[in-house]
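K.L.:
My structure is stored as run.txt, with compact mmCIF, C-alpha atoms.
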# COMPACT_ATOMS: atom_id res chain seq x y z
CA MET M 379 97.46 131.14 42.66
CA THR M 380 98.81 127.64 42.70
CA PRO M 381 100.10 126.40 46.03
CA LEU M 382 103.86 126.37 46.58
CA THR M 383 105.61 123.04 46.38
CA GLN M 384 109.09 122.15 47.48
CA ALA M 385 111.41 120.45 45.00
CA PHE M 386 112.11 117.79 47.60
CA ASP M 387 108.47 116.62 47.53
CA LEU M 388 108.47 116.42 43.74
CA GLY M 389 111.62 114.32 43.67
CA LEU M 390 113.62 117.20 42.17
CA SER M 391 116.95 118.71 43.20
CA ARG M 392 118.55 121.98 42.22
CA CYS M 393 122.15 121.88 41.04
CA ARG M 394 124.04 124.24 43.31
CA THR M 395 126.37 125.41 40.53
CA CYS M 396 124.28 125.76 37.39
CA GLY M 397 120.76 125.85 38.81
CA LEU M 398 119.42 123.00 36.70
CA ALA M 399 116.42 121.12 38.08
CA VAL M 400 117.33 117.44 38.14
CA ALA M 401 115.05 114.49 38.84
CA ARG M 402 116.53 112.52 41.72
CA ALA M 403 115.33 109.23 40.27
CA SER M 404 117.58 109.76 37.24
CA LEU M 405 120.68 110.00 39.42
CA GLY M 406 122.76 107.15 40.75
CA ILE M 407 124.53 107.19 44.12
CA GLY M 408 126.94 110.13 44.26
CA GLY M 409 125.13 111.38 41.15
CA ARG M 410 126.37 114.35 39.23
CA CYS M 411 124.54 117.10 37.38
CA PRO M 412 124.01 116.04 33.74
CA ARG M 413 124.78 119.61 32.66
CA CYS M 414 127.80 120.77 34.70
CA GLN M 415 128.97 117.59 36.47
CA SER M 416 128.71 119.11 39.95
CA ARG M 417 127.71 116.71 42.69
CA ILE M 418 123.98 116.94 43.27
CA GLU M 419 122.99 117.18 46.90
CA GLN M 420 119.47 117.39 48.24
CA ARG M 421 120.75 119.63 51.03
CA LYS M 422 124.26 120.73 51.93
CA PRO M 423 125.62 117.71 53.83
CA PHE M 424 125.93 118.16 57.63
CA SER M 425 125.10 121.81 57.05
CA ALA M 426 124.19 122.67 60.66
CA GLU M 427 127.17 120.85 62.17
CA VAL M 428 129.72 122.35 59.76
CA THR M 429 128.23 125.84 60.14
CA LEU M 430 128.39 125.57 63.93
CA ALA M 431 132.00 124.33 63.85
CA TRP M 432 133.15 127.26 61.69
CA LEU M 433 131.09 129.67 63.81
CA ILE M 434 132.76 128.54 67.04
CA ALA M 435 136.18 128.72 65.36
CA GLY M 436 135.39 132.29 64.26
CA MET M 437 134.31 133.33 67.75
CA VAL M 438 137.45 131.84 69.31
CA LEU M 439 139.73 133.54 66.75
CA TYR M 440 137.94 136.85 67.30
CA ILE M 441 139.40 137.03 70.85
CA PRO M 442 143.12 137.18 69.91
CA ALA M 443 142.18 139.30 66.89
CA ASN M 444 141.02 142.00 69.32
CA LEU M 445 143.45 141.47 72.20
CA LEU M 446 146.65 141.34 70.14
CA PRO M 447 148.02 144.45 68.44
CA VAL M 448 147.36 144.67 64.70
CA MET M 449 150.02 147.26 63.95
CA HIS M 450 153.26 148.60 65.40
CA THR M 451 154.20 152.17 64.65
CA SER M 452 157.49 153.90 65.35
CA GLY M 453 158.84 157.35 64.58
CA LEU M 454 159.85 160.67 66.08
CA LEU M 455 156.90 160.53 68.48
CA GLY M 456 157.98 157.18 69.93
CA GLU M 457 156.75 153.64 69.46
CA ALA M 458 153.29 152.22 69.88
CA ASP M 459 151.28 149.05 69.34
CA SER M 460 147.69 149.52 68.30
CA THR M 461 144.75 147.14 68.53
CA ILE M 462 141.61 147.36 66.43
CA LEU M 463 139.52 148.90 69.21
CA GLY M 464 142.43 151.21 70.13
CA GLY M 465 142.58 152.42 66.55
CA ILE M 466 138.85 153.15 66.50
CA LEU M 467 139.10 155.09 69.78
CA GLU M 468 142.01 157.09 68.43
CA PHE M 469 140.00 158.20 65.39
CA TRP M 470 137.04 158.98 67.63
CA ARG M 471 139.10 161.13 70.01
CA ALA M 472 140.77 162.93 67.11
CA GLY M 473 137.31 163.97 65.92
CA ASP M 474 137.22 161.65 62.91
CA TRP M 475 133.94 160.08 63.96
CA ASP M 476 133.09 159.05 60.40
CA ILE M 477 136.22 156.92 59.91
CA ALA M 478 135.85 155.59 63.46
CA LEU M 479 132.27 154.57 62.64
CA LEU M 480 133.28 152.93 59.34
CA ILE M 481 136.01 150.83 60.95
CA PHE M 482 133.71 150.05 63.88
CA ILE M 483 131.06 148.74 61.50
CA ALA M 484 133.51 146.67 59.45
CA SER M 485 135.58 145.27 62.32
CA VAL M 486 133.17 145.02 65.27
CA ALA M 487 129.55 145.35 64.17
CA VAL M 488 129.80 143.05 61.12
CA PRO M 489 131.54 140.15 62.91
CA PHE M 490 129.13 140.41 65.87
CA THR M 491 126.11 140.57 63.57
CA LYS M 492 127.39 137.43 61.88
CA PHE M 493 127.93 135.58 65.17
CA ILE M 494 124.47 136.48 66.46
CA ALA M 495 122.65 135.97 63.15
CA ILE M 496 124.21 132.60 62.33
CA GLY M 497 123.73 131.49 65.93
CA LEU M 498 120.06 132.48 65.76
CA LEU M 499 119.56 130.73 62.40
CA LEU M 500 121.15 127.52 63.71
CA PHE M 501 119.12 127.63 66.93
CA THR M 502 115.76 128.16 65.20
CA VAL M 503 116.50 125.51 62.57
CA ARG M 504 117.38 123.04 65.29
CA LYS M 505 114.10 123.87 67.06
CA ASN M 506 112.30 123.24 63.77
CA SER M 507 110.78 126.66 64.33
CA ARG M 508 108.20 128.33 62.10
CA TRP M 509 108.91 131.69 63.71
CA GLU M 510 109.47 134.61 61.27
CA GLN M 511 110.61 132.46 58.36
CA HIS M 512 110.60 135.41 55.94
CA GLN M 513 112.68 137.56 58.26
CA ARG M 514 115.13 134.74 58.79
CA ALA M 515 115.49 134.25 55.03
CA VAL M 516 116.33 137.96 54.76
CA LEU M 517 118.72 137.68 57.71
CA TYR M 518 120.63 134.93 55.90
CA ARG M 519 121.00 137.07 52.79
CA ILE M 520 122.24 139.98 54.92
CA VAL M 521 124.87 137.72 56.51
CA GLU M 522 125.93 136.56 53.04
CA PHE M 523 126.20 140.14 51.78
CA ILE M 524 128.08 141.76 54.68
CA GLY M 525 130.52 138.88 55.09
CA TYR M 526 133.58 140.11 53.30
CA TRP M 527 133.52 143.80 54.28
CA SER M 528 135.35 142.88 57.50
CA MET M 529 138.47 142.49 55.36
CA LEU M 530 138.64 146.30 55.45
CA ASP M 531 140.98 146.55 58.44
CA VAL M 532 143.37 143.97 57.01
CA ILE M 533 143.65 146.10 53.85
CA VAL M 534 144.09 149.36 55.77
CA VAL M 535 146.88 147.87 57.91
CA ALA M 536 148.58 146.38 54.83
CA LEU M 537 148.47 149.67 52.91
CA THR M 538 149.64 151.69 55.92
CA SER M 539 152.58 149.31 56.47
CA ALA M 540 153.45 149.42 52.77
CA LEU M 541 153.46 153.23 52.74
CA MET M 542 154.99 154.11 56.10
CA GLN M 543 158.56 153.05 55.46
CA PHE M 544 160.52 156.12 56.55
CA GLN M 545 162.66 154.50 59.28
CA VAL M 546 163.22 157.08 62.04
CA LEU M 547 160.71 159.54 60.63
CA GLY M 548 157.87 157.06 60.76
CA ALA M 549 157.33 153.39 60.10
CA ALA M 550 154.49 150.92 60.49
CA GLU M 551 154.60 147.13 60.63
CA PRO M 552 151.80 144.56 60.81
CA ARG M 553 151.39 142.53 64.00
CA ALA M 554 149.86 139.14 64.82
CA GLY M 555 146.35 140.46 65.51
CA ILE M 556 145.81 141.18 61.83
CA ALA M 557 146.46 137.54 60.87
CA PHE M 558 143.86 136.43 63.43
CA PHE M 559 141.47 139.01 62.07
CA CYS M 560 141.96 137.79 58.52
CA ALA M 561 141.28 134.25 59.80
CA VAL M 562 138.04 135.46 61.45
CA VAL M 563 136.83 136.83 58.10
CA VAL M 564 137.67 133.63 56.22
CA VAL M 565 136.23 131.32 58.87
CA THR M 566 132.95 133.25 59.34
CA MET M 567 132.50 133.37 55.56
CA LEU M 568 132.97 129.58 55.46
CA SER M 569 130.37 129.34 58.24
CA ALA M 570 127.82 131.39 56.28
CA LEU M 571 128.54 129.42 53.09
CA SER M 572 128.03 126.11 54.92
CA PHE M 573 124.58 127.09 56.17
CA ASP M 574 121.74 125.78 54.04
CA PRO M 575 119.01 128.46 53.87
CA ARG M 576 116.49 125.85 52.74
CA SER M 577 116.61 124.39 56.24
CA ILE M 578 114.68 127.51 57.40
CA TRP M 579 111.68 126.23 55.42
CA ASP M 580 112.12 122.49 55.77
CA ARG M 581 109.60 120.66 57.94
CA ARG M 582 111.12 117.74 59.72
CA PRO M 583 108.63 115.32 61.26
CA MET N 134 109.06 127.50 27.48
CA ASN N 135 108.59 124.74 29.95
CA THR N 136 111.68 124.96 32.10
CA ILE N 137 111.51 124.39 35.82
CA LEU N 138 113.10 126.82 38.23
CA ILE N 139 113.92 125.93 41.81
CA CYS N 140 114.51 128.62 44.42
CA ARG N 141 118.07 128.66 45.65
CA ASP N 142 117.08 129.66 49.18
CA CYS N 143 113.89 127.74 49.95
CA ASP N 144 113.59 124.92 47.38
CA THR N 145 110.22 126.07 46.01
CA VAL N 146 109.45 124.89 42.45
CA TYR N 147 108.27 127.22 39.68
CA ARG N 148 107.55 126.97 35.99
CA ALA N 149 109.72 129.54 34.19
CA VAL N 150 108.01 132.31 32.24
CA PRO N 151 109.67 134.50 29.61
CA LEU N 152 111.02 137.73 31.11
CA ARG N 153 110.96 141.16 29.50
CA ARG N 154 113.62 143.82 29.77
CA GLY N 155 114.10 144.90 33.39
CA ASP N 156 112.14 141.97 34.79
CA VAL N 157 113.31 140.13 37.86
CA ALA N 158 111.54 136.97 38.97
CA LEU N 159 111.27 136.72 42.75
CA CYS N 160 110.38 133.73 44.86
CA ARG N 161 106.83 134.05 46.21
CA ARG N 162 107.78 132.40 49.44
CA CYS N 163 111.20 133.80 50.43
CA ASN N 164 111.69 136.70 47.99
CA ALA N 165 115.02 135.41 46.63
CA VAL N 166 115.87 136.26 43.02
CA LEU N 167 114.88 133.32 40.80
CA ALA N 168 115.86 134.75 37.44
CA ARG N 169 116.72 138.05 35.81
CA TYR N 170 116.22 139.36 32.33
CA LEU N 171 119.65 139.27 30.73
CA GLY N 172 120.49 142.87 30.01
CA VAL N 173 124.07 141.88 29.30
CA ASN N 174 124.54 139.86 26.13
CA VAL N 175 127.67 137.97 25.23
CA ASP N 176 129.14 140.81 23.17
CA SER N 177 128.79 143.44 25.85
CA ALA N 178 129.96 141.00 28.53
CA LEU N 179 133.11 140.36 26.48
CA ALA N 180 133.67 144.11 26.14
CA LEU N 181 133.28 144.48 29.91
CA VAL N 182 135.80 141.70 30.52
CA CYS N 183 138.34 143.40 28.24
CA ALA N 184 137.77 146.67 30.13
CA ALA N 185 138.23 144.80 33.42
CA ALA N 186 141.54 143.33 32.19
CA ILE N 187 142.82 146.80 31.24
CA PHE N 188 141.76 148.36 34.56
CA PHE N 189 143.27 145.42 36.44
CA ALA N 190 146.59 145.93 34.63
CA ILE N 191 146.61 149.69 35.32
CA ALA N 192 145.72 149.13 38.99
CA ASN N 193 148.64 146.77 39.39
CA LEU N 194 151.23 148.58 37.31
CA THR N 195 150.74 152.09 38.67
CA PRO N 196 150.75 153.25 42.30
CA ILE N 197 147.38 153.49 44.02
CA LEU N 198 148.77 155.66 46.80
CA SER N 199 152.09 157.39 47.31
CA ILE N 200 153.73 159.41 50.08
CA GLU N 201 156.66 161.75 49.93
CA VAL N 202 158.54 162.66 53.10
CA ALA N 203 161.88 164.49 53.20
CA GLY N 204 162.73 163.55 49.64
CA MET N 205 161.89 159.88 50.14
CA GLN N 206 158.95 158.39 48.32
CA THR N 207 156.94 155.27 49.04
CA ARG N 208 154.16 153.90 46.90
CA ALA N 209 151.60 151.19 47.30
CA ASN N 210 149.26 149.06 45.22
CA VAL N 211 147.59 145.71 45.77
CA TRP N 212 150.81 143.77 45.43
CA PHE N 213 152.81 146.10 47.72
CA ALA N 214 150.08 145.74 50.34
CA VAL N 215 150.33 141.95 50.13
CA ARG N 216 154.11 142.07 50.42
CA SER N 217 154.01 144.30 53.50
CA LEU N 218 152.11 141.57 55.35
CA GLN N 219 154.79 138.98 54.61
CA GLU N 220 156.38 138.71 58.01
CA GLY N 221 156.77 135.41 59.81
CA TRP N 222 153.48 133.61 60.25
CA ILE N 223 151.51 136.83 59.72
CA SER N 224 152.07 135.82 56.08
CA PHE N 225 148.78 133.96 56.50
CA ALA N 226 147.10 137.35 56.18
CA ALA N 227 149.29 138.13 53.13
CA LEU N 228 148.01 134.92 51.56
CA GLY N 229 144.40 135.87 52.33
CA LEU N 230 144.88 139.32 50.85
CA ALA N 231 146.72 138.01 47.78
CA PHE N 232 143.92 135.56 47.02
CA THR N 233 140.98 137.90 47.57
CA THR N 234 142.28 141.08 45.96
CA PHE N 235 144.77 139.85 43.35
CA LEU N 236 144.67 136.19 42.40
CA ILE N 237 140.91 135.57 42.39
CA PRO N 238 139.97 138.73 40.44
CA ALA N 239 142.77 137.95 37.93
CA VAL N 240 141.61 134.36 37.43
CA GLN N 241 137.96 135.48 37.20
CA ILE N 242 138.79 137.94 34.44
CA ALA N 243 140.92 135.42 32.54
CA LEU N 244 138.33 132.63 32.75
CA LEU N 245 135.42 134.91 31.80
CA PHE N 246 137.43 136.09 28.79
CA TRP N 247 138.08 132.49 27.74
CA VAL N 248 134.44 131.41 28.14
CA LEU N 249 132.99 134.52 26.44
CA LEU N 250 135.43 134.39 23.53
CA PHE N 251 134.08 130.97 22.59
CA ALA N 252 130.51 131.89 23.47
CA ARG N 253 130.69 134.69 20.93
CA ALA N 254 131.35 132.12 18.23
CA GLY N 255 128.43 130.04 19.55
CA HIS N 256 130.58 127.38 21.21
CA ARG N 257 131.24 126.23 24.70
CA ALA N 258 134.87 126.84 25.56
CA PRO N 259 137.10 123.81 26.21
CA GLY N 260 136.81 123.02 29.91
CA PHE N 261 133.49 124.86 30.09
CA GLY N 262 132.01 122.76 32.93
CA PRO N 263 134.97 122.91 35.35
CA ILE N 264 135.50 126.61 34.54
CA MET N 265 131.88 127.45 35.32
CA ARG N 266 132.13 125.51 38.59
CA LEU N 267 135.30 127.38 39.52
CA LEU N 268 133.75 130.77 38.65
CA HIS N 269 130.76 129.91 40.83
CA GLN N 270 132.96 128.95 43.77
CA MET N 271 135.26 131.98 43.49
CA ARG N 272 132.47 134.52 43.44
CA PRO N 273 132.10 135.19 47.19
CA TRP N 274 135.88 135.54 47.59
CA SER N 275 136.54 138.38 45.17
CA MET N 276 137.09 141.56 47.22
CA THR N 277 138.12 144.37 44.87
CA GLU N 278 135.44 146.72 46.23
CA VAL N 279 136.67 146.21 49.80
CA PHE N 280 140.17 147.10 48.66
CA LEU N 281 138.86 150.34 47.17
CA LEU N 282 137.22 151.29 50.46
CA GLY N 283 140.40 150.30 52.32
CA ALA N 284 142.49 152.58 50.11
CA LEU N 285 140.11 155.48 50.77
CA VAL N 286 140.26 154.88 54.54
CA ALA N 287 144.07 154.75 54.34
CA ILE N 288 144.11 158.13 52.57
CA VAL N 289 142.00 159.79 55.26
CA LYS N 290 143.95 158.05 58.00
CA LEU N 291 147.42 159.04 56.77
CA ALA N 292 146.61 162.47 55.34
CA LYS N 293 146.76 163.90 58.87
CA TRP N 294 150.42 163.00 59.25
CA VAL N 295 151.98 162.98 55.81
CA PRO N 296 151.29 164.36 52.35
CA ILE N 297 149.58 161.45 50.61
CA ASN N 298 148.70 161.32 46.92
CA ALA N 299 146.30 159.09 45.08
CA GLY N 300 147.86 157.64 41.92
CA PRO N 301 146.19 156.54 38.69
CA GLY N 302 145.75 153.11 40.29
CA ILE N 303 142.95 154.29 42.54
CA TRP N 304 140.84 155.33 39.54
CA ALA N 305 141.60 152.01 37.91
CA ILE N 306 140.48 150.14 41.07
CA ALA N 307 137.29 152.22 41.16
CA ALA N 308 136.58 151.48 37.49
CA LEU N 309 137.42 147.79 38.01
CA THR N 310 134.94 147.63 40.90
CA ALA N 311 132.21 149.11 38.69
CA VAL N 312 132.94 146.80 35.75
CA LEU N 313 133.07 143.67 37.94
CA ALA N 314 129.75 144.69 39.51
CA LEU N 315 128.19 144.96 36.05
CA LEU N 316 129.64 141.57 35.07
CA GLY N 317 128.26 140.14 38.31
CA ARG N 318 124.77 141.02 37.05
CA CYS N 319 125.04 138.73 34.08
CA ASP N 320 123.88 135.29 34.97
CA PRO N 321 126.40 132.59 34.03
CA ALA N 322 123.66 129.97 34.45
CA SER N 323 122.21 131.17 31.14
CA TRP N 324 125.45 130.43 29.31
CA TRP N 325 124.64 126.75 29.64
CA SER N 326 122.22 127.23 26.79
CA ILE N 327 125.17 127.94 24.47
CA GLY N 328 125.93 125.16 22.00
CA PRO N 329 128.18 122.11 22.46
CA GLU N 330 131.75 122.19 23.65
CA ALA N 331 134.25 123.27 20.98
CA ASN N 332 136.74 120.67 19.84
CA THR N 333 140.25 122.02 20.07
Take the structure from the file and write it as structure tokens.

P.N.:
Amino acid sequence: MTPLTQAFDLGLSRCRTCGLAVARASLGIGGRCPRCQSRIEQRKPFSAEVTLAWLIAGMVLYIPANLLPVMHTSGLLGEADSTILGGILEFWRAGDWDIALLIFIASVAVPFTKFIAIGLLLFTVRKNSRWEQHQRAVLYRIVEFIGYWSMLDVIVVALTSALMQFQVLGAAEPRAGIAFFCAVVVVTMLSALSFDPRSIWDRRP
Amino acid sequence: MNTILICRDCDTVYRAVPLRRGDVALCRRCNAVLARYLGVNVDSALALVCAAAIFFAIANLTPILSIEVAGMQTRANVWFAVRSLQEGWISFAALGLAFTTFLIPAVQIALLFWVLLFARAGHRAPGFGPIMRLLHQMRPWSMTEVFLLGALVAIVKLAKWVPINAGPGIWAIAALTAVLALLGRCDPASWWSIGPEANT
């Protein structure tokens, strides 16, 4: 088997949009892909810094997303504000452990996995570490894949509020927590998209 | 064939080899997918896009869920869900939901239709480059499948309290999810091999 070579060492770059291999020497400054006109970048610019910034923003937004109520319900049984964790507990106590688990995974486990995984990737890349490169490549793809499933709770709250419109008999309205939660999803996805997985393999001197 | 492939995830360089049906080329270093045999040709992709457009229309014109209490009925679909989040600055979430479950899937379907219609005639559609860039950027933000799961959770959640019915929309959303997943398997990068841009 031939040894593996990185495009960087051969003076090649991969177009992020169309995948074309482009010789760097044939590009000017701010060069664009000859095929699709996307800007060609050797690596995502300031990848680690931008990823970290979005990651911190996501972690900060996650606090109000959990502390503030996401939904307000009113009806014959009285009024109540519910938070995400409160909602999960309610399902759990009512014996609906499967729904409780599903919402727990989407709203708690997925965001936490993303915080820890992206944090770990950034830390090891900064250390220029050779530790478990294959596993870290897989970890990045997991983070990419699970990213948007956290939108689940936003959709459930929106559908519940749209359907429960029976005034005194029962009504549901969204509350501020859900907007923070939506922001967490968007911001953590931006964080994952800013990370350059090639930095796991790059050897800096 | 003498094309060079570069791994998306680790920058390793490969010489492309012809793939047979069912083949997937994986990176030897990081195991990322380098290339796939194209099981979906332009004709079947166009058929899938038309199916997606029909399912999208049904999902948005018929109720996905409905509830009847004491003679009053409420119904919900993607657009109703977006509207229910429009309240003061919470509207930020409405915007997020509108983009990910309505606007982006709609634009994806429309742009794919446009590109494939020309591709079928052996041309690149007008605006091919910018359209392909846009399609590439929109891909992570299309969340139809999450909406389907959300609707199912809402059914289970509300069924305890009120009689809730699934409308035709839920089947349309399920079918749309399946069709978009199939379309996601076709590799737009290969469409660059289609002839020059059409002059219109």

K.L.:
Extract, using only C-alpha atoms, all DNA, RNA and protein residues at most 6 Å from region 301-316 of chain N, discarding same-chain residues fewer than 3 positions from it, and format them as a ChimeraX atom specification.

P.N.:
/N:185,188,192,195-197,278,319

K.L.:
Compute the chain N side of the contact with chain M at 7 Å, counting all atoms listed in the file, and hand it back as a tab-separated table (two decimals) with C-alpha atoms, keeping the file's coordinate frame.

P.N.:
chain	number	residue	atom	x	y	z
N	137	ILE	CA	111.51	124.39	35.82
N	138	LEU	CA	113.10	126.82	38.23
N	139	ILE	CA	113.92	125.93	41.81
N	142	ASP	CA	117.08	129.66	49.18
N	143	CYS	CA	113.89	127.74	49.95
N	144	ASP	CA	113.59	124.92	47.38
N	145	THR	CA	110.22	126.07	46.01
N	146	VAL	CA	109.45	124.89	42.45
N	163	CYS	CA	111.20	133.80	50.43
N	199	SER	CA	152.09	157.39	47.31
N	200	ILE	CA	153.73	159.41	50.08
N	207	THR	CA	156.94	155.27	49.04
N	208	ARG	CA	154.16	153.90	46.90
N	209	ALA	CA	151.60	151.19	47.30
N	213	PHE	CA	152.81	146.10	47.72
N	214	ALA	CA	150.08	145.74	50.34
N	215	VAL	CA	150.33	141.95	50.13
N	217	SER	CA	154.01	144.30	53.50
N	218	LEU	CA	152.11	141.57	55.35
N	223	ILE	CA	151.51	136.83	59.72
N	225	PHE	CA	148.78	133.96	56.50
N	226	ALA	CA	147.10	137.35	56.18
N	229	GLY	CA	144.40	135.87	52.33
N	262	GLY	CA	132.01	122.76	32.93
N	266	ARG	CA	132.13	125.51	38.59
N	269	HIS	CA	130.76	129.91	40.83
N	279	VAL	CA	136.67	146.21	49.80
N	280	PHE	CA	140.17	147.10	48.66
N	283	GLY	CA	140.40	150.30	52.32
N	284	ALA	CA	142.49	152.58	50.11
N	286	VAL	CA	140.26	154.88	54.54
N	287	ALA	CA	144.07	154.75	54.34
N	322	ALA	CA	123.66	129.97	34.45

K.L.:
I'd like the interatomic distance between CA of Val486 (chain M) and CA of Leu455 (chain M), to a tenth of an Å.

P.N.:
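That distance, rounded to one decimal, is 28.5 Å.
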
K.L.:
Have a look at CA of Phe573 (chain M) and CA of Pro489 (chain M) and let me know their distance in Å, one decimal.

P.N.:
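Atom-to-atom, CA of Phe573 (chain M) and CA of Pro489 (chain M) are spaced 16.3 Å apart.
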
K.L.:
Name the closest residue to Leu439 (chain M) among the candidates M:Val565, M:Ala472, M:Ser572, M:Ala484; distances are taken between atoms, counting only C-alpha atoms.

P.N.:
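Result for the nearest residue to Leu439 (chain M): M:Val565.
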
K.L.:
May I ask which of the residues M:Leu467, M:Ile462, M:Val428, M:Ile524 is the closest one to Leu568 (chain M), counting all atoms listed in the file?

P.N.:
M:Val428

K.L.:
If we count only C-alpha atoms, what is near Ile494 (chain M) at a cut-off of 12 Å, once residues fewer than 5 positions away on the same chain are taken out, given as a list in words?

P.N.:
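The residues that qualify are Leu430, Leu433, Ile434, Gly436, Met437, Ala487, Val488, Pro489, Leu499, Leu500, Phe501, Leu517, Tyr518, Val521, Thr566 and Ala570 of chain M.
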
K.L.:
Restricting the output to C-alpha atoms, write the selected residues as a PDB file, in the frame of the given file.

P.N.:
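Full text of again_0.pdb as output:
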ATOM      1  CA  LEU M 430     128.390 125.570  63.930  1.00  0.00           C
ATOM      2  CA  LEU M 433     131.090 129.670  63.810  1.00  0.00           C
ATOM      3  CA  ILE M 434     132.760 128.540  67.040  1.00  0.00           C
ATOM      4  CA  GLY M 436     135.390 132.290  64.260  1.00  0.00           C
ATOM      5  CA  MET M 437     134.310 133.330  67.750  1.00  0.00           C
ATOM      6  CA  ALA M 487     129.550 145.350  64.170  1.00  0.00           C
ATOM      7  CA  VAL M 488     129.800 143.050  61.120  1.00  0.00           C
ATOM      8  CA  PRO M 489     131.540 140.150  62.910  1.00  0.00           C
ATOM      9  CA  LEU M 499     119.560 130.730  62.400  1.00  0.00           C
ATOM     10  CA  LEU M 500     121.150 127.520  63.710  1.00  0.00           C
ATOM     11  CA  PHE M 501     119.120 127.630  66.930  1.00  0.00           C
ATOM     12  CA  LEU M 517     118.720 137.680  57.710  1.00  0.00           C
ATOM     13  CA  TYR M 518     120.630 134.930  55.900  1.00  0.00           C
ATOM     14  CA  VAL M 521     124.870 137.720  56.510  1.00  0.00           C
ATOM     15  CA  THR M 566     132.950 133.250  59.340  1.00  0.00           C
ATOM     16  CA  ALA M 570     127.820 131.390  56.280  1.00  0.00           C
TER      17      ALA M 570
END

K.L.:
Around (159.8, 159.8, 69.6) in the file's frame, which residues reach within 12 Å when counting all atoms listed in the file? Return as a PyMOL selection string?

P.N.:
chain M and resi 451-458+545-549

K.L.:
Write out N, CA and C atoms for region 247-262 of chain N, as a PDB file, in the frame of the given file.

P.N.:
ATOM      1  N   TRP N 247     137.987 133.772  28.457  1.00  0.00           N
ATOM      2  CA  TRP N 247     138.080 132.490  27.740  1.00  0.00           C
ATOM      3  C   TRP N 247     136.685 131.972  27.371  1.00  0.00           C
ATOM      4  N   VAL N 248     135.789 131.945  28.364  1.00  0.00           N
ATOM      5  CA  VAL N 248     134.440 131.410  28.140  1.00  0.00           C
ATOM      6  C   VAL N 248     133.676 132.270  27.131  1.00  0.00           C
ATOM      7  N   LEU N 249     133.777 133.608  27.288  1.00  0.00           N
ATOM      8  CA  LEU N 249     132.990 134.520  26.440  1.00  0.00           C
ATOM      9  C   LEU N 249     133.514 134.554  25.017  1.00  0.00           C
ATOM     10  N   LEU N 250     134.839 134.382  24.873  1.00  0.00           N
ATOM     11  CA  LEU N 250     135.430 134.390  23.530  1.00  0.00           C
ATOM     12  C   LEU N 250     134.831 133.266  22.694  1.00  0.00           C
ATOM     13  N   PHE N 251     134.686 132.096  23.301  1.00  0.00           N
ATOM     14  CA  PHE N 251     134.080 130.970  22.590  1.00  0.00           C
ATOM     15  C   PHE N 251     132.577 131.161  22.441  1.00  0.00           C
ATOM     16  N   ALA N 252     131.959 131.703  23.491  1.00  0.00           N
ATOM     17  CA  ALA N 252     130.510 131.890  23.470  1.00  0.00           C
ATOM     18  C   ALA N 252     130.109 132.797  22.308  1.00  0.00           C
ATOM     19  N   ARG N 253     130.964 133.748  22.001  1.00  0.00           N
ATOM     20  CA  ARG N 253     130.690 134.690  20.930  1.00  0.00           C
ATOM     21  C   ARG N 253     130.599 133.964  19.585  1.00  0.00           C
ATOM     22  N   ALA N 254     131.392 132.908  19.462  1.00  0.00           N
ATOM     23  CA  ALA N 254     131.350 132.120  18.230  1.00  0.00           C
ATOM     24  C   ALA N 254     130.280 131.026  18.318  1.00  0.00           C
ATOM     25  N   GLY N 255     129.509 131.018  19.409  1.00  0.00           N
ATOM     26  CA  GLY N 255     128.430 130.040  19.550  1.00  0.00           C
ATOM     27  C   GLY N 255     128.895 128.688  20.051  1.00  0.00           C
ATOM     28  N   HIS N 256     130.073 128.640  20.674  1.00  0.00           N
ATOM     29  CA  HIS N 256     130.580 127.380  21.210  1.00  0.00           C
ATOM     30  C   HIS N 256     130.732 127.461  22.713  1.00  0.00           C
ATOM     31  N   ARG N 257     130.781 126.278  23.315  1.00  0.00           N
ATOM     32  CA  ARG N 257     131.240 126.230  24.700  1.00  0.00           C
ATOM     33  C   ARG N 257     132.753 126.111  24.669  1.00  0.00           C
ATOM     34  N   ALA N 258     133.413 126.877  25.518  1.00  0.00           N
ATOM     35  CA  ALA N 258     134.870 126.840  25.560  1.00  0.00           C
ATOM     36  C   ALA N 258     135.345 125.479  26.048  1.00  0.00           C
ATOM     37  N   PRO N 259     136.543 125.031  25.631  1.00  0.00           N
ATOM     38  CA  PRO N 259     137.100 123.810  26.210  1.00  0.00           C
ATOM     39  C   PRO N 259     137.210 123.959  27.725  1.00  0.00           C
ATOM     40  N   GLY N 260     136.786 122.949  28.446  1.00  0.00           N
ATOM     41  CA  GLY N 260     136.810 123.020  29.910  1.00  0.00           C
ATOM     42  C   GLY N 260     135.659 123.821  30.471  1.00  0.00           C
ATOM     43  N   PHE N 261     134.603 124.000  29.691  1.00  0.00           N
ATOM     44  CA  PHE N 261     133.490 124.860  30.090  1.00  0.00           C
ATOM     45  C   PHE N 261     132.913 124.494  31.466  1.00  0.00           C
ATOM     46  N   GLY N 262     132.619 123.207  31.667  1.00  0.00           N
ATOM     47  CA  GLY N 262     132.010 122.760  32.930  1.00  0.00           C
ATOM     48  C   GLY N 262     132.851 123.097  34.154  1.00  0.00           C
TER      49      GLY N 262
END
